[in-house]
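Asks: Structure file query-v7.txt (compact mmCIF, C-alpha atoms) right here:
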# COMPACT_ATOMS: atom_id res chain seq x y z
CA MET A 1 46.98 46.06 -27.20
CA LEU A 2 46.92 49.11 -24.96
CA GLY A 3 46.95 47.05 -21.78
CA LEU A 4 43.84 48.61 -20.28
CA ARG A 5 42.07 45.46 -19.15
CA PRO A 6 41.50 45.40 -15.39
CA THR A 7 43.86 43.10 -13.55
CA ALA A 8 43.63 41.36 -10.19
CA ALA A 9 45.47 44.34 -8.75
CA GLU A 10 42.90 46.68 -10.27
CA PRO A 11 39.48 45.49 -9.11
CA ALA A 12 38.35 49.11 -9.15
CA GLY A 13 38.02 48.97 -12.93
CA ARG A 14 34.33 49.62 -12.34
CA VAL A 15 33.34 53.19 -13.03
CA GLY A 16 29.79 52.79 -11.78
CA ASP A 17 26.69 53.93 -13.59
CA PRO A 18 26.87 57.52 -14.93
CA LEU A 19 23.47 59.03 -14.21
CA THR A 20 23.29 61.01 -17.44
CA ALA A 21 24.66 61.04 -20.97
CA LEU A 22 26.57 64.19 -20.03
CA GLY A 23 28.09 62.33 -17.11
CA ALA A 24 29.22 59.61 -19.52
CA THR A 25 30.93 62.13 -21.80
CA ARG A 26 32.76 63.65 -18.84
CA THR A 27 33.87 60.29 -17.51
CA VAL A 28 35.08 59.07 -20.89
CA GLY A 29 37.52 61.97 -20.98
CA ALA A 30 39.43 60.46 -18.07
CA LEU A 31 39.43 57.08 -19.77
CA LEU A 32 40.78 58.60 -22.96
CA GLU A 33 43.59 60.17 -20.95
CA GLN A 34 44.57 56.67 -19.78
CA VAL A 35 44.49 55.36 -23.34
CA LEU A 36 46.57 58.23 -24.68
CA ASP A 37 49.10 58.04 -21.85
CA ALA A 38 49.49 54.29 -22.41
CA GLY A 39 49.95 54.83 -26.15
CA LEU A 40 52.57 57.50 -25.56
CA CYS A 41 54.48 55.32 -23.09
CA GLN A 42 54.52 52.40 -25.52
CA ALA A 43 55.61 54.66 -28.38
CA ARG A 44 58.52 56.08 -26.39
CA GLU A 45 59.74 52.56 -25.81
CA VAL A 46 59.50 51.83 -29.54
CA ASP A 47 61.06 55.05 -30.85
CA PRO A 48 61.32 58.52 -29.28
CA VAL A 49 61.20 60.39 -32.60
CA PHE A 50 57.99 58.62 -33.61
CA ALA A 51 56.55 59.30 -30.16
CA ARG A 52 57.38 63.00 -30.35
CA ASP A 53 56.41 63.75 -33.95
CA VAL A 54 53.41 61.48 -34.50
CA VAL A 55 52.01 59.99 -31.31
CA GLY A 56 52.23 63.25 -29.39
CA ARG A 57 50.28 65.01 -32.13
CA VAL A 58 47.59 62.34 -32.24
CA ALA A 59 47.20 62.51 -28.46
CA ALA A 60 46.99 66.31 -28.54
CA PHE A 61 44.37 66.17 -31.30
CA VAL A 62 42.18 63.73 -29.38
CA ARG A 63 42.51 65.77 -26.19
CA ARG A 64 41.58 68.93 -28.04
CA GLY A 65 38.16 68.02 -28.61
CA GLY A 66 34.87 67.25 -29.97
CA LYS A 67 31.50 67.07 -28.29
CA ARG A 68 31.88 63.35 -27.40
CA LEU A 69 28.44 62.84 -28.92
CA ARG A 70 29.19 59.26 -29.90
CA THR A 71 29.90 58.35 -26.29
CA ALA A 72 26.60 59.94 -25.25
CA PHE A 73 24.71 57.95 -27.87
CA VAL A 74 26.38 54.69 -26.76
CA TRP A 75 25.17 55.43 -23.24
CA CYS A 76 21.63 56.15 -24.51
CA GLY A 77 21.56 52.88 -26.48
CA TRP A 78 22.78 50.95 -23.45
CA ARG A 79 20.21 52.47 -21.12
CA ALA A 80 17.38 52.19 -23.67
CA ALA A 81 18.06 48.46 -24.00
CA GLY A 82 17.97 47.97 -20.23
CA GLY A 83 21.60 48.51 -19.29
CA THR A 84 22.31 49.29 -15.63
CA GLY A 85 25.15 49.04 -13.14
CA ASP A 86 28.80 49.02 -14.14
CA ALA A 87 29.23 51.19 -17.24
CA THR A 88 32.92 50.46 -17.82
CA ALA A 89 32.37 48.59 -21.09
CA VAL A 90 30.05 51.33 -22.31
CA LEU A 91 32.61 54.04 -21.65
CA ARG A 92 35.43 52.02 -23.19
CA THR A 93 33.31 51.61 -26.30
CA GLY A 94 32.67 55.34 -26.30
CA ALA A 95 36.39 56.02 -26.02
CA ALA A 96 37.05 53.70 -28.96
CA LEU A 97 34.51 55.65 -31.01
CA GLU A 98 36.24 58.92 -30.15
CA LEU A 99 39.48 57.45 -31.48
CA VAL A 100 37.74 56.32 -34.67
CA GLN A 101 36.46 59.86 -35.02
CA ALA A 102 40.01 61.14 -34.73
CA CYS A 103 41.10 58.77 -37.49
CA ALA A 104 38.23 59.85 -39.74
CA LEU A 105 38.95 63.55 -39.26
CA LEU A 106 42.70 63.24 -39.79
CA HIS A 107 42.20 61.32 -43.03
CA ASP A 108 39.31 63.52 -44.16
CA ASP A 109 41.39 66.67 -43.69
CA VAL A 110 44.10 65.23 -45.92
CA MET A 111 41.64 64.24 -48.63
CA ASP A 112 39.85 67.58 -48.52
CA GLY A 113 42.96 69.71 -48.14
CA SER A 114 41.48 71.38 -45.06
CA THR A 115 43.60 73.85 -43.13
CA LEU A 116 41.71 74.21 -39.83
CA ARG A 117 40.19 71.67 -37.44
CA ARG A 118 39.02 72.10 -33.84
CA GLY A 119 40.28 75.65 -33.88
CA ALA A 120 43.86 74.76 -34.80
CA PRO A 121 45.87 73.95 -37.95
CA THR A 122 45.08 70.51 -39.34
CA MET A 123 47.59 67.74 -38.80
CA HIS A 124 49.09 67.85 -42.30
CA VAL A 125 49.43 71.66 -42.17
CA ASP A 126 51.22 71.44 -38.82
CA LEU A 127 53.51 68.68 -40.10
CA ALA A 128 54.41 70.69 -43.20
CA ARG A 129 55.41 73.57 -40.92
CA MET A 130 57.54 71.18 -38.86
CA HIS A 131 59.23 69.97 -42.05
CA ARG A 132 60.12 73.51 -43.08
CA ALA A 133 61.26 74.56 -39.61
CA ALA A 134 63.58 71.55 -39.38
CA ARG A 135 64.90 72.19 -42.92
CA MET A 136 64.15 68.64 -43.98
CA THR A 137 64.66 67.59 -47.60
CA GLY A 138 61.93 66.90 -50.10
CA PRO A 139 58.50 68.49 -50.57
CA PRO A 140 56.96 69.43 -47.19
CA GLU A 141 53.43 68.69 -48.40
CA ALA A 142 54.27 65.14 -49.49
CA PHE A 143 55.93 64.43 -46.14
CA ALA A 144 53.02 65.96 -44.22
CA THR A 145 50.38 64.01 -46.13
CA ALA A 146 52.17 60.70 -45.57
CA VAL A 147 52.62 61.30 -41.84
CA ALA A 148 49.03 62.51 -41.36
CA VAL A 149 47.79 59.28 -42.94
CA LEU A 150 49.96 57.31 -40.53
CA ALA A 151 48.59 59.39 -37.64
CA GLY A 152 45.04 58.48 -38.62
CA ASP A 153 46.03 54.83 -38.92
CA LEU A 154 47.46 54.96 -35.41
CA ALA A 155 44.22 56.38 -33.98
CA LEU A 156 42.30 53.58 -35.67
CA ALA A 157 44.69 50.96 -34.30
CA TRP A 158 44.18 52.31 -30.79
CA ALA A 159 40.43 52.24 -31.29
CA ASP A 160 40.49 48.64 -32.50
CA ASP A 161 42.69 47.58 -29.59
CA LEU A 162 40.36 49.17 -27.07
CA LEU A 163 37.20 47.76 -28.63
CA THR A 164 38.74 44.29 -28.94
CA GLU A 165 39.77 44.28 -25.28
CA THR A 166 36.26 45.40 -24.34
CA ALA A 167 34.61 42.73 -26.47
CA LEU A 168 36.82 40.00 -25.02
CA GLY A 169 35.72 40.99 -21.53
CA SER A 170 31.99 41.20 -22.29
CA PRO A 171 29.40 38.41 -22.40
CA HIS A 172 28.00 40.25 -25.42
CA GLY A 173 31.38 40.69 -27.09
CA SER A 174 30.54 38.87 -30.32
CA ARG A 175 27.57 41.08 -31.04
CA LEU A 176 29.53 44.17 -30.07
CA TYR A 177 32.32 43.29 -32.46
CA GLN A 178 29.90 42.58 -35.32
CA GLU A 179 28.49 46.09 -34.98
CA TRP A 180 31.99 47.56 -34.84
CA ARG A 181 33.20 45.67 -37.89
CA ALA A 182 30.18 46.75 -39.94
CA MET A 183 30.68 50.37 -38.89
CA ARG A 184 34.28 50.48 -40.07
CA GLY A 185 33.33 49.17 -43.50
CA GLU A 186 30.51 51.69 -43.82
CA MET A 187 32.85 54.56 -43.00
CA VAL A 188 35.31 53.59 -45.73
CA ALA A 189 32.50 53.12 -48.24
CA GLY A 190 31.08 56.52 -47.38
CA GLN A 191 34.44 58.24 -47.76
CA TYR A 192 34.95 56.61 -51.15
CA ARG A 193 31.48 57.61 -52.35
CA ASP A 194 32.27 61.15 -51.24
CA ILE A 195 35.45 61.48 -53.30
CA HIS A 196 33.86 59.53 -56.18
CA ALA A 197 30.98 62.01 -56.33
CA GLN A 198 33.42 64.92 -56.44
CA ALA A 199 35.39 63.28 -59.24
CA THR A 200 32.27 62.63 -61.33
CA GLY A 201 30.64 66.00 -60.62
CA SER A 202 27.48 64.33 -59.36
CA SER A 203 24.49 66.39 -58.25
CA GLY A 204 22.05 63.62 -57.33
CA VAL A 205 19.90 64.06 -54.23
CA ASP A 206 19.72 60.31 -53.57
CA GLU A 207 23.49 59.99 -53.93
CA ALA A 208 24.02 62.88 -51.52
CA LEU A 209 21.82 61.16 -48.93
CA THR A 210 23.66 57.87 -49.44
CA ILE A 211 27.00 59.58 -48.79
CA ALA A 212 25.67 61.40 -45.73
CA THR A 213 24.30 58.15 -44.34
CA LEU A 214 27.39 56.02 -44.92
CA LYS A 215 30.02 58.61 -44.12
CA SER A 216 28.48 60.19 -41.05
CA ALA A 217 24.96 59.23 -39.90
CA LEU A 218 25.70 55.57 -39.26
CA TYR A 219 28.87 55.95 -37.22
CA THR A 220 27.76 59.12 -35.47
CA VAL A 221 24.43 57.92 -34.08
CA GLU A 222 23.04 54.63 -35.44
CA ARG A 223 26.04 52.41 -34.71
CA PRO A 224 26.79 54.00 -31.31
CA LEU A 225 23.19 53.35 -30.24
CA ALA A 226 23.45 49.76 -31.48
CA LEU A 227 26.83 49.26 -29.81
CA GLY A 228 25.38 50.40 -26.50
CA ALA A 229 22.30 48.22 -26.89
CA SER A 230 24.52 45.24 -27.73
CA LEU A 231 26.38 45.66 -24.44
CA ALA A 232 23.03 45.54 -22.64
CA GLY A 233 21.96 42.39 -24.49
CA GLY A 234 19.08 44.27 -26.13
CA ASP A 235 16.51 42.27 -28.06
CA ASP A 236 15.94 42.53 -31.82
CA TYR A 237 12.91 44.80 -31.46
CA ALA A 238 14.79 47.34 -29.36
CA LEU A 239 17.78 47.23 -31.70
CA ALA A 240 15.58 47.81 -34.75
CA ALA A 241 13.94 50.82 -33.11
CA LEU A 242 17.30 52.24 -32.09
CA ARG A 243 18.76 51.74 -35.56
CA SER A 244 15.86 53.66 -37.11
CA ALA A 245 16.19 56.38 -34.50
CA GLY A 246 19.93 56.62 -35.06
CA ARG A 247 19.71 56.81 -38.83
CA CYS A 248 17.21 59.68 -38.71
CA ALA A 249 19.07 61.58 -35.98
CA GLY A 250 22.41 60.93 -37.67
CA LEU A 251 21.19 62.34 -40.96
CA ALA A 252 19.84 65.39 -39.16
CA PHE A 253 23.31 65.84 -37.64
CA GLN A 254 25.04 65.60 -41.02
CA LEU A 255 22.64 67.95 -42.78
CA ARG A 256 23.24 70.51 -40.01
CA ASP A 257 26.97 70.04 -40.54
CA ASP A 258 26.44 70.73 -44.26
CA LEU A 259 24.66 73.99 -43.45
CA LEU A 260 27.42 75.00 -41.04
CA GLY A 261 29.98 74.20 -43.71
CA ALA A 262 28.32 76.73 -46.00
CA PHE A 263 27.01 79.34 -43.58
CA GLY A 264 28.68 78.72 -40.22
CA ASP A 265 31.05 80.82 -38.17
CA PRO A 266 34.60 79.38 -38.06
CA ALA A 267 35.05 80.88 -34.59
CA LEU A 268 32.24 78.61 -33.39
CA THR A 269 32.74 75.53 -35.58
CA GLY A 270 36.53 75.42 -35.37
CA LYS A 271 36.85 74.78 -39.12
CA PRO A 272 36.77 76.94 -42.27
CA VAL A 273 33.48 77.98 -43.82
CA GLY A 274 32.96 77.48 -47.54
CA ASP A 275 35.40 74.63 -48.13
CA ASP A 276 32.62 72.27 -49.25
CA LEU A 277 31.50 74.86 -51.78
CA ARG A 278 35.03 75.66 -52.92
CA THR A 279 35.63 72.00 -53.83
CA ARG A 280 31.97 71.40 -54.80
CA LYS A 281 31.55 68.54 -52.37
CA LEU A 282 28.28 66.72 -53.00
CA THR A 283 26.08 67.53 -50.01
CA TYR A 284 22.32 67.25 -49.69
CA LEU A 285 22.26 71.05 -49.55
CA LEU A 286 24.04 71.36 -52.90
CA ALA A 287 21.97 68.61 -54.53
CA VAL A 288 18.68 70.22 -53.46
CA ALA A 289 19.84 73.60 -54.74
CA VAL A 290 20.75 72.16 -58.14
CA ARG A 291 17.39 70.42 -58.41
CA LEU A 292 15.47 73.56 -57.43
CA ALA A 293 17.48 75.74 -59.81
CA GLU A 294 16.70 73.41 -62.70
CA ALA A 295 13.02 73.13 -61.73
CA THR A 296 12.53 76.91 -61.55
CA GLY A 297 14.67 77.79 -64.56
CA ASP A 298 17.19 79.73 -62.48
CA GLU A 299 20.01 79.51 -65.02
CA GLU A 300 22.38 81.70 -63.00
CA ALA A 301 22.11 79.46 -59.95
CA ALA A 302 22.35 76.30 -62.04
CA ALA A 303 25.51 77.59 -63.72
CA VAL A 304 27.34 78.60 -60.55
CA LEU A 305 26.41 75.32 -58.83
CA ALA A 306 27.41 73.11 -61.78
CA SER A 307 30.55 71.00 -61.78
CA GLY A 308 33.59 72.39 -63.52
CA GLU A 309 36.25 74.30 -61.62
CA VAL A 310 38.56 72.22 -59.47
CA SER A 311 38.89 74.89 -56.77
CA ARG A 312 36.62 77.92 -56.82
CA SER A 313 37.48 81.51 -56.03
CA ASP A 314 36.14 83.42 -53.05
CA ASP A 315 33.80 85.31 -55.38
CA THR A 316 32.41 82.07 -56.80
CA VAL A 317 31.91 80.66 -53.33
CA GLU A 318 29.91 83.76 -52.39
CA ARG A 319 27.77 83.40 -55.52
CA MET A 320 27.18 79.73 -54.67
CA ARG A 321 26.15 80.68 -51.13
CA ALA A 322 23.70 83.23 -52.56
CA ALA A 323 22.29 80.58 -54.90
CA LEU A 324 21.70 78.22 -51.98
CA GLU A 325 19.62 80.96 -50.36
CA ARG A 326 17.81 82.15 -53.49
CA THR A 327 16.72 78.72 -54.65
CA GLY A 328 15.25 77.97 -51.23
CA ALA A 329 17.63 75.05 -50.66
CA ARG A 330 18.71 76.31 -47.26
CA SER A 331 15.09 76.44 -46.08
CA VAL A 332 14.38 72.97 -47.50
CA VAL A 333 17.33 71.52 -45.61
CA GLU A 334 16.25 73.23 -42.38
CA SER A 335 12.82 71.61 -42.72
CA LYS A 336 14.37 68.23 -43.51
CA ILE A 337 16.52 68.45 -40.38
CA ALA A 338 13.49 69.14 -38.21
CA ASP A 339 11.55 66.23 -39.75
CA LEU A 340 14.47 63.85 -39.31
CA ALA A 341 15.04 64.89 -35.71
CA ALA A 342 11.36 64.36 -34.88
CA ALA A 343 11.33 60.97 -36.58
CA GLY A 344 14.41 59.97 -34.64
CA LEU A 345 12.66 60.68 -31.34
CA ARG A 346 9.55 58.74 -32.29
CA HIS A 347 11.62 55.69 -33.27
CA PHE A 348 13.60 55.95 -30.04
CA ASP A 349 10.37 55.90 -28.02
CA ARG A 350 9.58 52.48 -29.52
CA ALA A 351 12.70 51.03 -27.88
CA GLY A 352 10.98 51.17 -24.49
CA ALA A 353 13.44 53.48 -22.75
CA SER A 354 12.50 55.25 -19.54
CA HIS A 355 11.25 58.82 -19.65
CA ALA A 356 14.58 60.11 -18.33
CA VAL A 357 16.55 58.36 -21.08
CA ARG A 358 14.12 59.58 -23.74
CA GLN A 359 14.67 63.11 -22.47
CA GLU A 360 18.44 62.60 -22.63
CA PHE A 361 18.20 61.39 -26.21
CA ALA A 362 15.96 64.31 -27.19
CA SER A 363 18.47 66.75 -25.72
CA LEU A 364 21.32 65.10 -27.63
CA VAL A 365 19.40 65.16 -30.90
CA GLU A 366 18.65 68.85 -30.45
CA ARG A 367 22.31 69.50 -29.67
CA ALA A 368 23.52 67.51 -32.68
CA SER A 369 21.00 68.79 -35.21
CA GLY A 370 20.43 72.30 -33.95
CA ALA A 371 16.69 71.69 -34.16
CA ALA A 372 14.08 71.31 -31.45
CA PRO A 373 12.10 68.39 -32.91
CA ASP A 374 8.42 68.88 -33.80
CA LEU A 375 6.88 65.59 -32.76
CA THR A 376 3.75 66.21 -34.84
CA GLY A 377 5.54 65.56 -38.14
CA GLU A 378 5.49 62.44 -40.31
CA ASP A 379 8.11 59.69 -40.17
CA VAL A 380 11.02 60.09 -42.55
Transcribe the structure of this file into C-alpha cells.
Replies:
Amino acid sequence: MLGLRPTAAEPAGRVGDPLTALGATRTVGALLEQVLDAGLCQAREVDPVFARDVVGRVAAFVRRGGKRLRTAFVWCGWRAAGGTGDATAVLRTGAALELVQACALLHDDVMDGSTLRRGAPTMHVDLARMHRAARMTGPPEAFATAVAVLAGDLALAWADDLLTETALGSPHGSRLYQEWRAMRGEMVAGQYRDIHAQATGSSGVDEALTIATLKSALYTVERPLALGASLAGGDDYALAALRSAGRCAGLAFQLRDDLLGAFGDPALTGKPVGDDLRTRKLTYLLAVAVRLAEATGDEEAAAVLASGEVSRSDDTVERMRAALERTGARSVVESKIADLAAAGLRHFDRAGASHAVRQEFASLVERASGAAPDLTGEDV
C-alpha cells in the first residue's frame, strides 16, 4: 500500500468539490505527486538502484503527461450520478486511472516497438541507452524490454494500491472495485486481440471495432464514467446511460487516435506517425480502407493494404497513407467519429446530469474526439 489514507493527524484529506472537470484534472496532478513521492521513498528504502533506474523513470513518465482525460470523465460520471461535496475519492480514483494508463502505455510501447512517447524516447529505448552507457553485459534490447515490463507492472501495482485504499474507505467500495476489476480484464483482452489480429493479418471491420472497444474505449471513457457514478451511488438507469455514453465517446476517441497515428504531426501528438501502418496494426481505419478497396476494385490499394511484410518501408507507408485517402476511408472514419460523439452526448443526457455537467462532458468529448458533435444524427 502507498500509505495515502487520511489519518487522525490528517483530517484535511478533503479536497472539496472541484467546480469543473478541468479543475479535477488540475487537482489530481497534486495527488499524483503525493503518490509518486511515496512510491519513490518506499523504493529507496527497498533498494536504491531499483529506485534510481526503475521507479524514478516511472515517476518521470507519469509526471510528463497526458491530458488526464480519464480523471475528467470520472468527475463527470460522479456529478452526473448526483455526486457532490468532498471529491477526494473521485480524485484518488482518477489518479489510479492515470497510473493504469502509464502501465498500458509502457507495455504497449514494448509490444509495438515504439521509439517515442509523450515527446521523449520510450522507456525501453531509454533503458537500452542506459545499458550501453554503463557498458553492461548482454543484449541491451533484451535488458530494456525486461525492465520496461517491470516498470509497467509497478505502475499497475501503484494503481491497484490506490484504488483498493479508496474502495476500503468508501461506502460504495464494493461497486467501485467491481468496475475496476472488470476494466483491468478488458484491457488485457483488448491488448491480446490487438496482437492476435496482427499475427493473423486480419482485416475485419467488426474485429477492428472489438479491439478498439476493449483496448481503449472502455477504460478511457466508459469505465471512468461508471467508476465516478459508483462513488456517487448512482442508480442502474443512470449507470446504463453513462455506459452507453462512454462506449460511444470512447470509440470516437480511439478512432481519432487511429487517424492521428496515420496522418498526425509527431510534434503535436508526441509519438511517431505511421507506426500503425508500418506494422499493419488492425485499426478501424485500415479495415474500412480494405473493405472499400475490395468493393470498388481498387487492386493497387488492396495490394498495398494487404497483410504480408512484417515491417514496411517508408515508401510503402506513404503508399498505404495514399490508399487510405483514395479509397475514402479517412472520410468514412471522420463521419463515424462525429456520429459516435453525437450519440455519446445524447446517451449522457439520459443520465439526468445538470446542464453545466452536460456542457463539461460535451467539451471533453470534443477534446477527445476532435469533433464538434452534430446532435441531429442517429444513435450509433
Asks: Report as a list in words all protein, DNA and RNA residues lying within 8 Å of segment 51-68 of chain A, evaluated on all atoms listed in the file, omitting residues in the same chain fewer than 6 positions from it.
Replies: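 Selected residues are Thr25, Glu33, Leu36, Gly39, Leu40, Ala43, Arg44, Glu98, Leu99, Ala102, Arg118, Met123, Val147, Ala151, Gly152, Leu154 and Ala155 of chain A.
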Asks: Quick one: everything within 10 Å of Lys215 of chain A, counting all atoms listed in the file, minus sequence neighbours fewer than 2 positions away in the same chain. Send it as a ChimeraX atom specification.
Replies: /A:104,183,186-194,209-213,217-220,254
Asks: If you measure from atom CA of Gly234 of chain A to atom CA of Gly82 of chain A, what distance in Å do you get, rounded to one decimal?
Replies: 7.1 Å
Asks: When you count only C-alpha atoms, which of these residues is closest to Arg291 of chain A: A:Leu268, A:Ala148, A:Ile337, A:Ala323?
Replies: A:Ala323
Asks: Within 12 Å of Val357 of chain A, counting all atoms listed in the file, which residues qualify if same-chain residues fewer than 5 places away don't, as a CSV table (one decimal) with C-alpha atoms, in the frame of the given file?
Replies:
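Dumped to part_26.csv:
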chain,number,residue,atom,x,y,z
A,19,LEU,CA,23.5,59.0,-14.2
A,20,THR,CA,23.3,61.0,-17.4
A,21,ALA,CA,24.7,61.0,-21.0
A,22,LEU,CA,26.6,64.2,-20.0
A,72,ALA,CA,26.6,59.9,-25.2
A,73,PHE,CA,24.7,58.0,-27.9
A,74,VAL,CA,26.4,54.7,-26.8
A,75,TRP,CA,25.2,55.4,-23.2
A,76,CYS,CA,21.6,56.2,-24.5
A,77,GLY,CA,21.6,52.9,-26.5
A,78,TRP,CA,22.8,51.0,-23.4
A,79,ARG,CA,20.2,52.5,-21.1
A,80,ALA,CA,17.4,52.2,-23.7
A,81,ALA,CA,18.1,48.5,-24.0
A,82,GLY,CA,18.0,48.0,-20.2
A,83,GLY,CA,21.6,48.5,-19.3
A,345,LEU,CA,12.7,60.7,-31.3
A,348,PHE,CA,13.6,56.0,-30.0
A,349,ASP,CA,10.4,55.9,-28.0
A,351,ALA,CA,12.7,51.0,-27.9
A,352,GLY,CA,11.0,51.2,-24.5
A,362,ALA,CA,16.0,64.3,-27.2
A,363,SER,CA,18.5,66.8,-25.7
A,364,LEU,CA,21.3,65.1,-27.6
Asks: May I ask which of the residues A:Ala238, A:Gly246, A:Gln101, A:Ser114 is the closest one to Leu225 of chain A, counting all atoms listed in the file?
Replies: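 Closest residue, counting all atoms listed in the file: A:Gly246.
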Asks: Looking at all atoms listed in the file, which of A:Leu242, A:Ala338, A:Ala95, A:Ala322 is the one that sits closest to Leu305 of chain A?
Replies: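 Result for the nearest residue to Leu305 of chain A: A:Ala322.
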Asks: Find the residues around segment 195-203 of chain A up to 9 Å (only C-alpha atoms counted), leave out those fewer than 2 positions away in its own chain, and share them as a list of chain:residue names.
Replies: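 Selected residues are A:Met111, A:Asp112, A:Gly190, A:Gln191, A:Tyr192, A:Arg193, A:Val205, A:Glu207, A:Ala208, A:Ile211, A:Thr279, A:Arg280, A:Lys281, A:Leu282, A:Thr283, A:Tyr284, A:Leu286, A:Ala287, A:Val288, A:Val290, A:Arg291, A:Ala306, A:Ser307, A:Gly308.
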Asks: Nearest residue to Gly370 of chain A out of A:Arg256, A:Arg70, A:Arg117, A:Arg92, using all atoms listed in the file?
Replies: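 When distances to Gly370 of chain A are compared using all atoms listed in the file, the smallest one comes from A:Arg256.
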Asks: Which residue, A:Gly250, A:Gly85, A:Gly233, A:Gly119, has the smallest gap to Arg367 of chain A when you use only C-alpha atoms?
Replies: A:Gly250
Asks: Counting only C-alpha atoms, figure out which residue out of A:Thr71, A:Thr115, A:Thr164, A:Thr84 gets nearest to Ala226 of chain A.
Replies: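 Once distances to Ala226 of chain A are computed over only C-alpha atoms, the minimum belongs to A:Thr71.
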Asks: If we count only C-alpha atoms and set the cut-off at 12 Å, which residues sit around segment 165-182 of chain A, ignoring sequence neighbours fewer than 5 positions away in its own chain? Please answer as a ChimeraX atom specification.
Replies: /A:1-7,13,74,78,86-97,100,156,158-160,187-189,214,218-219,222-236,239,243
Asks: Atom CA of Pro139 of chain A and atom CA of Ala157 of chain A, how far apart in Å?
Replies: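 Separating atom CA of Ala157 of chain A from atom CA of Pro139 of chain A is a distance of 27.6 Å.
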Asks: What is the distance, in Å and to one decimal place, between atom CA of Arg321 of chain A and atom CA of Ala262 of chain A?
Replies: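 It comes out at 6.8 Å.
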